$ cat query.tsv   # TSV, C-alpha atoms and all ligand atoms
chain	number	residue	atom	x	y	z
A	1	MET	CA	-117.02	-60.23	40.51
A	2	GLN	CA	-114.07	-61.65	38.63
A	3	HIS	CA	-111.11	-62.88	40.67
A	4	THR	CA	-107.95	-60.82	40.16
A	5	LEU	CA	-105.22	-62.93	38.61
A	6	THR	CA	-102.30	-63.76	40.88
A	7	PHE	CA	-98.79	-64.96	40.23
A	8	ALA	CA	-99.84	-68.35	41.62
A	9	ASP	CA	-102.68	-68.58	39.06
A	10	ILE	CA	-100.22	-68.25	36.19
A	11	GLN	CA	-97.87	-70.79	37.76
A	12	ASN	CA	-100.75	-73.23	38.19
A	13	VAL	CA	-101.69	-72.94	34.53
A	14	LYS	CA	-98.06	-73.56	33.48
A	15	ARG	CA	-97.84	-76.55	35.79
A	16	HIS	CA	-101.14	-77.93	34.55
A	17	ALA	CA	-99.94	-77.57	30.96
A	18	LYS	CA	-96.92	-79.74	31.81
A	19	HIS	CA	-99.17	-82.42	33.29
A	20	LEU	CA	-101.31	-82.40	30.16
A	21	LYS	CA	-98.35	-83.84	28.30
A	22	HIS	CA	-99.59	-87.27	29.39
A	23	THR	CA	-103.11	-86.63	28.10
A	24	TYR	CA	-102.11	-84.91	24.86
A	25	PRO	CA	-98.64	-86.18	23.93
A	26	GLU	CA	-99.19	-85.22	20.28
A	27	LEU	CA	-99.92	-81.55	20.95
A	28	PRO	CA	-97.26	-78.81	20.99
A	29	HIS	CA	-96.63	-77.13	24.35
A	30	ALA	CA	-98.35	-73.91	23.24
A	31	LYS	CA	-101.58	-75.81	22.61
A	32	ARG	CA	-101.39	-77.50	25.99
A	33	LEU	CA	-100.96	-74.05	27.57
A	34	ASP	CA	-104.14	-72.97	25.79
A	35	ILE	CA	-106.07	-75.94	27.16
A	36	ALA	CA	-104.69	-75.40	30.68
A	37	ALA	CA	-105.63	-71.71	30.58
A	38	ALA	CA	-109.14	-72.55	29.41
A	39	GLU	CA	-109.62	-75.24	32.06
A	40	LEU	CA	-108.20	-73.41	35.06
A	41	ALA	CA	-108.79	-69.74	34.27
A	42	ARG	CA	-111.78	-70.02	31.91
A	43	VAL	CA	-110.22	-67.85	29.23
A	44	ARG	CA	-110.09	-68.50	25.48
A	45	ASN	CA	-106.38	-69.30	25.40
A	46	TYR	CA	-103.04	-68.68	27.04
A	47	HIS	CA	-102.49	-65.48	25.11
A	48	GLU	CA	-105.69	-64.10	26.60
A	49	LEU	CA	-104.59	-65.08	30.11
A	50	ASN	CA	-101.24	-63.43	29.54
A	51	ARG	CA	-102.92	-60.26	28.32
A	52	GLN	CA	-105.16	-60.14	31.40
A	53	PHE	CA	-102.16	-60.66	33.66
A	54	ASP	CA	-100.35	-57.78	31.93
A	55	GLU	CA	-103.37	-55.63	32.71
A	56	VAL	CA	-103.21	-56.55	36.40
A	57	ILE	CA	-99.52	-55.64	36.49
A	58	ASN	CA	-100.03	-52.38	34.63
A	59	ARG	CA	-102.56	-51.14	37.18
A	60	ASP	CA	-99.58	-50.26	39.36
A	61	VAL	CA	-97.72	-48.39	36.65
A	62	ASP	CA	-97.79	-44.60	36.49
A	63	MET	CA	-97.84	-43.49	32.90
A	64	PRO	CA	-94.78	-41.61	31.71
A	65	GLY	CA	-94.44	-37.97	32.62
A	66	SER	CA	-92.60	-35.36	30.57
A	67	ASN	CA	-89.36	-37.35	30.74
A	68	SER	CA	-91.17	-40.37	29.19
A	69	VAL	CA	-90.26	-42.67	32.07
A	70	SER	CA	-92.90	-44.95	33.56
A	71	HIS	CA	-92.75	-45.89	37.22
A	72	CYS	CA	-94.25	-48.90	39.00
A	73	ARG	CA	-95.63	-48.15	42.46
A	74	TYR	CA	-95.47	-51.83	43.39
A	75	CYS	CA	-91.95	-52.99	42.46
A	76	ASP	CA	-90.44	-49.49	42.09
A	77	PHE	CA	-89.04	-50.18	38.61
A	78	ARG	CA	-88.54	-47.23	36.23
A	79	PHE	CA	-88.63	-47.91	32.53
A	80	ALA	CA	-89.45	-46.66	29.05
A	81	ALA	CA	-92.96	-47.96	28.36
A	82	ASP	CA	-92.37	-47.95	24.59
A	83	HIS	CA	-89.23	-50.08	24.81
A	84	LYS	CA	-89.98	-53.81	24.54
A	85	PRO	CA	-86.95	-55.13	26.48
A	86	ASP	CA	-87.88	-52.76	29.31
A	87	LEU	CA	-91.42	-54.12	29.41
A	88	LYS	CA	-90.10	-57.64	29.64
A	89	GLU	CA	-87.64	-56.67	32.37
A	90	HIS	CA	-90.41	-54.97	34.31
A	91	ARG	CA	-92.72	-57.93	34.08
A	92	ASP	CA	-90.00	-60.33	35.29
A	93	LEU	CA	-89.17	-58.12	38.24
A	94	HIS	CA	-92.82	-57.43	39.04
A	95	GLU	CA	-93.56	-61.15	39.06
A	96	ARG	CA	-90.77	-61.73	41.59
A	97	PHE	CA	-92.35	-59.21	43.92
A	98	MET	CA	-95.79	-60.74	43.41
A	99	GLU	CA	-94.40	-64.18	44.18
A	100	VAL	CA	-92.83	-63.00	47.46
A	101	HIS	CA	-95.92	-61.00	48.36
A	102	GLU	CA	-98.19	-64.01	47.83
A	103	LYS	CA	-95.87	-66.39	49.68
A	104	LEU	CA	-95.00	-64.21	52.68
A	105	GLY	CA	-97.99	-61.86	52.73
A	106	TYR	CA	-95.41	-59.09	52.74
A	107	ARG	CA	-93.89	-56.83	50.11
A	108	PRO	CA	-90.93	-54.54	50.88
A	109	GLY	CA	-91.75	-50.85	50.61
A	110	THR	CA	-90.75	-48.75	47.62
A	111	TYR	CA	-88.27	-45.91	47.92
A	112	ALA	CA	-91.06	-43.39	48.66
A	113	GLU	CA	-92.63	-45.69	51.26
A	114	ARG	CA	-89.28	-46.32	52.94
A	115	GLU	CA	-88.45	-42.62	53.11
A	116	ARG	CA	-91.83	-42.05	54.77
A	117	MET	CA	-91.13	-44.81	57.33
A	118	LYS	CA	-87.78	-43.29	58.20
A	119	LYS	CA	-89.09	-39.73	58.42
A	120	ASP	CA	-92.03	-40.72	60.63
A	121	GLY	CA	-89.79	-43.08	62.60
A	122	TYR	CA	-87.23	-40.40	63.49
A	123	GLN	CA	-90.01	-38.00	64.40
A	124	GLN	CA	-91.52	-40.56	66.75
A	125	ALA	CA	-88.20	-41.80	68.19
A	126	ASN	CA	-87.21	-38.22	69.01
A	127	HIS	CA	-90.45	-36.72	70.20
A	128	ALA	CA	-92.96	-39.33	71.40
A	129	GLU	CA	-93.78	-38.99	75.08
A	130	GLN	CA	-94.00	-42.67	75.92
A	131	VAL	CA	-90.89	-44.83	75.74
A	132	GLU	CA	-92.95	-47.53	74.03
A	133	ASP	CA	-93.81	-45.13	71.20
A	134	ARG	CA	-90.19	-44.04	70.84
A	135	VAL	CA	-89.18	-47.70	70.54
A	136	ALA	CA	-91.87	-48.13	67.87
A	137	GLY	CA	-90.35	-45.13	66.06
A	138	LEU	CA	-86.90	-46.72	66.14
A	139	LEU	CA	-88.37	-49.97	64.79
A	140	MET	CA	-90.04	-48.00	62.00
A	141	ILE	CA	-86.65	-46.56	60.99
A	142	THR	CA	-85.21	-50.07	61.10
A	143	ARG	CA	-88.10	-51.32	58.95
A	144	GLY	CA	-87.18	-48.69	56.34
A	145	TRP	CA	-83.63	-50.07	56.19
A	146	PHE	CA	-84.81	-53.66	56.27
A	147	ASP	CA	-87.14	-53.05	53.33
A	148	ARG	CA	-84.32	-51.59	51.25
A	149	SER	CA	-82.13	-54.61	51.99
A	150	PHE	CA	-85.01	-57.00	51.35
A	151	HIS	CA	-85.98	-55.15	48.17
A	152	ASP	CA	-82.52	-55.88	46.77
A	153	ALA	CA	-82.84	-59.50	47.87
A	154	VAL	CA	-86.10	-59.86	45.92
A	155	SER	CA	-84.72	-58.07	42.84
A	156	ASP	CA	-81.60	-60.23	42.80
A	157	GLY	CA	-83.36	-63.47	43.69
A	158	TYR	CA	-81.91	-64.35	47.11
A	159	TRP	CA	-84.88	-63.29	49.28
A	160	ALA	CA	-85.40	-66.80	50.66
A	161	LYS	CA	-82.00	-66.54	52.38
A	162	HIS	CA	-82.51	-62.99	53.65
A	163	PRO	CA	-83.00	-62.71	57.44
A	164	SER	CA	-86.47	-61.97	58.81
A	165	PHE	CA	-87.21	-58.52	60.19
A	166	GLU	CA	-86.62	-59.80	63.74
A	167	GLU	CA	-83.26	-61.36	62.84
A	168	TYR	CA	-82.25	-58.28	60.86
A	169	THR	CA	-83.15	-55.99	63.77
A	170	ALA	CA	-80.89	-58.00	66.11
A	171	MET	CA	-78.08	-57.56	63.56
A	172	MET	CA	-78.70	-53.80	63.50
A	173	VAL	CA	-78.68	-53.39	67.31
A	174	PRO	CA	-74.96	-52.41	67.43
A	175	HIS	CA	-75.76	-49.60	65.00
A	176	LEU	CA	-78.94	-48.59	66.87
A	177	GLU	CA	-76.85	-48.31	70.05
A	178	THR	CA	-74.80	-45.54	68.45
A	179	ILE	CA	-77.85	-43.41	67.67
A	180	TYR	CA	-80.39	-44.24	70.44
A	181	PRO	CA	-78.53	-46.15	73.21
A	182	ALA	CA	-81.44	-46.28	75.68
A	183	LEU	CA	-84.01	-47.36	73.11
A	184	ALA	CA	-81.57	-49.82	71.54
A	185	ALA	CA	-81.23	-51.59	74.91
A	186	ILE	CA	-84.98	-52.23	74.91
A	187	VAL	CA	-84.90	-53.43	71.29
A	188	ALA	CA	-82.02	-55.80	72.17
A	189	GLU	CA	-84.05	-57.29	75.01
A	190	ARG	CA	-86.82	-58.19	72.58
A	191	TYR	CA	-84.96	-59.10	69.40
A	192	GLY	CA	-81.53	-60.07	70.66
A	193	ARG	CA	-78.19	-58.67	69.59
A	194	THR	CA	-76.24	-60.14	66.68
A	195	PRO	CA	-73.05	-58.14	66.08
A	196	GLY	CA	-70.62	-58.68	63.23
A	197	VAL	CA	-73.00	-59.62	60.42
A	198	ILE	CA	-73.87	-56.22	58.99
A	199	PRO	CA	-70.68	-54.15	58.67
A	200	LYS	CA	-70.44	-50.83	60.47
A	201	GLY	CA	-72.07	-47.96	58.63
A	202	ASN	CA	-74.03	-50.35	56.43
A	203	THR	CA	-77.71	-51.25	56.46
A	204	TYR	CA	-77.68	-54.01	53.82
A	205	TRP	CA	-77.58	-57.64	54.83
A	206	PRO	CA	-74.43	-58.90	53.06
A	207	ALA	CA	-75.62	-61.74	50.83
A	208	ARG	CA	-72.24	-62.63	49.44
B	301	ZN	ZN	-93.89	-53.42	38.83
$ encode --input "query.tsv" --output "structure tokens"
Amino acid sequence: MQHTLTFADIQNVKRHAKHLKHTYPELPHAKRLDIAAAELARVRNYHELNRQFDEVINRDVDMPGSNSVSHCRYCDFRFAADHKPDLKEHRDLHERFMEVHEKLGYRPGTYAERERMKKDGYQQANHAEQVEDRVAGLLMITRGWFDRSFHDAVSDGYWAKHPSFEEYTAMMVPHLETIYPALAAIVAERYGRTPGVIPKGNTYWPAR
């Protein structure tokens, strides 16, 4: 079976092409990319590699419905599939999510996934019999908020500075206390309590 192309694969080919400058100083960069693609990815040329990578990305794209808008289930971007600048914008954004996913082993949920987390989380926090399960419900709600904040961080390129889920949860404890005081006390014991970072009524980590 053929290996599915990753963001790292493409980066490796680009990096290899740069190194080839020493071996083939007379060749234009495009030609060195072709050689790098052939050596590392065993494809005819860089164009072919690029085309295959587009295919990988497009597997996550739902074709346009009646309103002619395509939607990506992976990075949550909506765009006109017949509009070139949109395609470019989607690919750039999609690559950022792939990069984070490959580096952290984690991708923030899309809007639909986050809404599901929050819905299930509230259900569990309100109705689960065991305290432990209610705490898990509250953490699921928090994960929905975290993912939205982290999604923005990936889109806008500051994800490396964004707090981890554990750090973020500690920042959200003051807010959790207003909705589930007893459960929030348990969360605070495990994750800590960091007031004053995320403003009241907000769920976004303030980057700036
Ligand atoms: Zn996408």
$ closest_residue --input "query.tsv" --among "A:Lys118, A:Arg143, A:Arg59, A:His3" --to "ligand ZN 301 (chain B)" --atoms "only C-alpha atoms and all ligand atoms"
A:Arg59
$ residues_near_ligand --input "query.tsv" --ligand "ligand ZN 301 (chain B)" --cutoff "7 Å" --atoms "all atoms listed in the file" --output "number ranges by chain"
A: 57, 60-61, 72-77, 90-91, 93-94
$ residues_around --input "query.tsv" --residues "A:Ala185" --least-positions-apart "6" --cutoff "12 Å" --atoms "all atoms listed in the file" --output "JSON, numbers by chain"
{"A": [131, 135, 138, 170, 172, 173, 174, 175, 176, 177, 178, 179, 191, 192, 193]}
$ closest_residue --input "query.tsv" --among "A:Ala207, A:Tyr46, A:Tyr111, A:Ala30" --to "A:Tyr158" --atoms "all atoms listed in the file"
A:Ala207
$ atom_distance --input "query.tsv" --atom1 "atom CA of A:Thr6" --atom2 "atom CA of A:Val69"
25.8 Å
$ atom_distance --input "query.tsv" --atom1 "atom CA of A:Asp9" --atom2 "atom CA of A:Asp156"
23.0 Å
$ atom_distance --input "query.tsv" --atom1 "atom CA of A:His101" --atom2 "atom CA of A:Arg51"
21.2 Å
$ axis_aligned_box --input "query.tsv" --around "stretch 7-12 of chain A" --padding-each-side "3 Å" --output "lines of an AutoDock Vina configuration file"
center_x = -100.3
center_y = -69.1
center_z = 38.9
size_x = 10.8
size_y = 14.3
size_z = 11.4
$ residues_around --input "query.tsv" --residues "A:Phe53" --least-positions-apart "3" --cutoff "10 Å" --atoms "all atoms listed in the file" --output "ChimeraX atom specification"
/A:4-7,9-10,47-50,56-58,91
$ closest_residue --input "query.tsv" --among "A:Ser70, A:Gln124, A:Gln52, A:Ser155" --to "A:His83" --atoms "all atoms listed in the file"
A:Ser70
$ residues_near_point --input "query.tsv" --point "(-95.2, -40.9, 32.1)" --cutoff "12 Å" --atoms "all atoms listed in the file" --output "ChimeraX atom specification"
/A:61-72,78-82
$ closest_residue --input "query.tsv" --among "A:Gly137, A:Pro85, A:Pro181, A:Pro108" --to "A:Tyr122" --atoms "all atoms listed in the file"
A:Gly137
$ decode --input "query.tsv" --residues "stretch 149-160 of chain A" --atoms "all heavy atoms" --output "mmCIF file, in the first residue's frame"
data_model
loop_
_atom_site.group_PDB
_atom_site.id
_atom_site.type_symbol
_atom_site.label_atom_id
_atom_site.label_comp_id
_atom_site.auth_asym_id
_atom_site.auth_seq_id
_atom_site.Cartn_x
_atom_site.Cartn_y
_atom_site.Cartn_z
ATOM 1 N N SER A 149 -10.634 28.105 20.901
ATOM 2 C CA SER A 149 -9.529 29.044 21.124
ATOM 3 C C SER A 149 -8.272 28.580 20.373
ATOM 4 O O SER A 149 -7.581 29.365 19.714
ATOM 5 C CB SER A 149 -9.254 29.123 22.634
ATOM 6 O OG SER A 149 -8.209 30.010 22.912
ATOM 7 N N PHE A 150 -8.013 27.266 20.449
ATOM 8 C CA PHE A 150 -6.833 26.717 19.798
ATOM 9 C C PHE A 150 -6.970 26.735 18.270
ATOM 10 O O PHE A 150 -5.988 26.945 17.543
ATOM 11 C CB PHE A 150 -6.585 25.287 20.309
ATOM 12 C CG PHE A 150 -5.236 24.740 19.949
ATOM 13 C CD1 PHE A 150 -4.080 25.407 20.306
ATOM 14 C CD2 PHE A 150 -5.120 23.545 19.258
ATOM 15 C CE1 PHE A 150 -2.826 24.909 19.977
ATOM 16 C CE2 PHE A 150 -3.866 23.034 18.917
ATOM 17 C CZ PHE A 150 -2.722 23.723 19.274
ATOM 18 N N HIS A 151 -8.196 26.559 17.800
ATOM 19 C CA HIS A 151 -8.464 26.611 16.360
ATOM 20 C C HIS A 151 -8.054 27.972 15.802
ATOM 21 O O HIS A 151 -7.404 28.078 14.760
ATOM 22 C CB HIS A 151 -9.954 26.353 16.103
ATOM 23 C CG HIS A 151 -10.262 25.903 14.714
ATOM 24 N ND1 HIS A 151 -10.378 26.786 13.662
ATOM 25 C CD2 HIS A 151 -10.465 24.668 14.200
ATOM 26 C CE1 HIS A 151 -10.638 26.097 12.564
ATOM 27 N NE2 HIS A 151 -10.704 24.819 12.854
ATOM 28 N N ASP A 152 -8.436 29.027 16.524
ATOM 29 C CA ASP A 152 -8.043 30.390 16.126
ATOM 30 C C ASP A 152 -6.528 30.538 16.146
ATOM 31 O O ASP A 152 -5.946 31.189 15.277
ATOM 32 C CB ASP A 152 -8.630 31.417 17.109
ATOM 33 C CG ASP A 152 -9.996 31.898 16.662
ATOM 34 O OD1 ASP A 152 -10.627 31.178 15.854
ATOM 35 O OD2 ASP A 152 -10.421 32.969 17.130
ATOM 36 N N ALA A 153 -5.903 29.945 17.166
ATOM 37 C CA ALA A 153 -4.449 30.055 17.309
ATOM 38 C C ALA A 153 -3.739 29.390 16.122
ATOM 39 O O ALA A 153 -2.727 29.890 15.645
ATOM 40 C CB ALA A 153 -4.010 29.428 18.631
ATOM 41 N N VAL A 154 -4.285 28.280 15.652
ATOM 42 C CA VAL A 154 -3.688 27.602 14.492
ATOM 43 C C VAL A 154 -3.926 28.444 13.238
ATOM 44 O O VAL A 154 -2.993 28.705 12.469
ATOM 45 C CB VAL A 154 -4.275 26.180 14.302
ATOM 46 C CG1 VAL A 154 -3.740 25.541 13.025
ATOM 47 C CG2 VAL A 154 -3.959 25.298 15.507
ATOM 48 N N SER A 155 -5.165 28.901 13.060
ATOM 49 C CA SER A 155 -5.501 29.696 11.866
ATOM 50 C C SER A 155 -4.631 30.936 11.771
ATOM 51 O O SER A 155 -4.192 31.314 10.694
ATOM 52 C CB SER A 155 -6.965 30.144 11.910
ATOM 53 O OG SER A 155 -7.814 29.036 11.947
ATOM 54 N N ASP A 156 -4.404 31.578 12.911
ATOM 55 C CA ASP A 156 -3.675 32.850 12.909
ATOM 56 C C ASP A 156 -2.190 32.694 13.210
ATOM 57 O O ASP A 156 -1.478 33.685 13.334
ATOM 58 C CB ASP A 156 -4.318 33.835 13.896
ATOM 59 C CG ASP A 156 -5.725 34.224 13.458
ATOM 60 O OD1 ASP A 156 -6.044 34.008 12.270
ATOM 61 O OD2 ASP A 156 -6.505 34.721 14.288
ATOM 62 N N GLY A 157 -1.738 31.434 13.368
ATOM 63 C CA GLY A 157 -0.305 31.186 13.430
ATOM 64 C C GLY A 157 0.380 31.400 14.767
ATOM 65 O O GLY A 157 1.600 31.544 14.809
ATOM 66 N N TYR A 158 -0.372 31.439 15.876
ATOM 67 C CA TYR A 158 0.305 31.588 17.175
ATOM 68 C C TYR A 158 0.082 30.373 18.074
ATOM 69 O O TYR A 158 0.195 30.471 19.307
ATOM 70 C CB TYR A 158 -0.126 32.890 17.874
ATOM 71 C CG TYR A 158 -1.611 33.036 18.152
ATOM 72 C CD1 TYR A 158 -2.191 32.518 19.307
ATOM 73 C CD2 TYR A 158 -2.435 33.696 17.243
ATOM 74 C CE1 TYR A 158 -3.549 32.656 19.561
ATOM 75 C CE2 TYR A 158 -3.793 33.837 17.484
ATOM 76 C CZ TYR A 158 -4.340 33.322 18.640
ATOM 77 O OH TYR A 158 -5.686 33.447 18.880
ATOM 78 N N TRP A 159 -0.185 29.221 17.482
ATOM 79 C CA TRP A 159 -0.518 28.016 18.271
ATOM 80 C C TRP A 159 0.601 27.572 19.207
ATOM 81 O O TRP A 159 0.343 27.019 20.270
ATOM 82 C CB TRP A 159 -0.917 26.865 17.356
ATOM 83 C CG TRP A 159 0.164 26.416 16.420
ATOM 84 C CD1 TRP A 159 0.402 26.898 15.155
ATOM 85 C CD2 TRP A 159 1.162 25.417 16.662
ATOM 86 N NE1 TRP A 159 1.486 26.257 14.608
ATOM 87 C CE2 TRP A 159 1.963 25.342 15.514
ATOM 88 C CE3 TRP A 159 1.441 24.570 17.743
ATOM 89 C CZ2 TRP A 159 3.045 24.463 15.412
ATOM 90 C CZ3 TRP A 159 2.515 23.694 17.640
ATOM 91 C CH2 TRP A 159 3.295 23.652 16.478
ATOM 92 N N ALA A 160 1.859 27.850 18.806
ATOM 93 C CA ALA A 160 2.976 27.404 19.654
ATOM 94 C C ALA A 160 2.977 28.120 21.000
ATOM 95 O O ALA A 160 3.526 27.615 21.977
ATOM 96 C CB ALA A 160 4.301 27.619 18.930
#
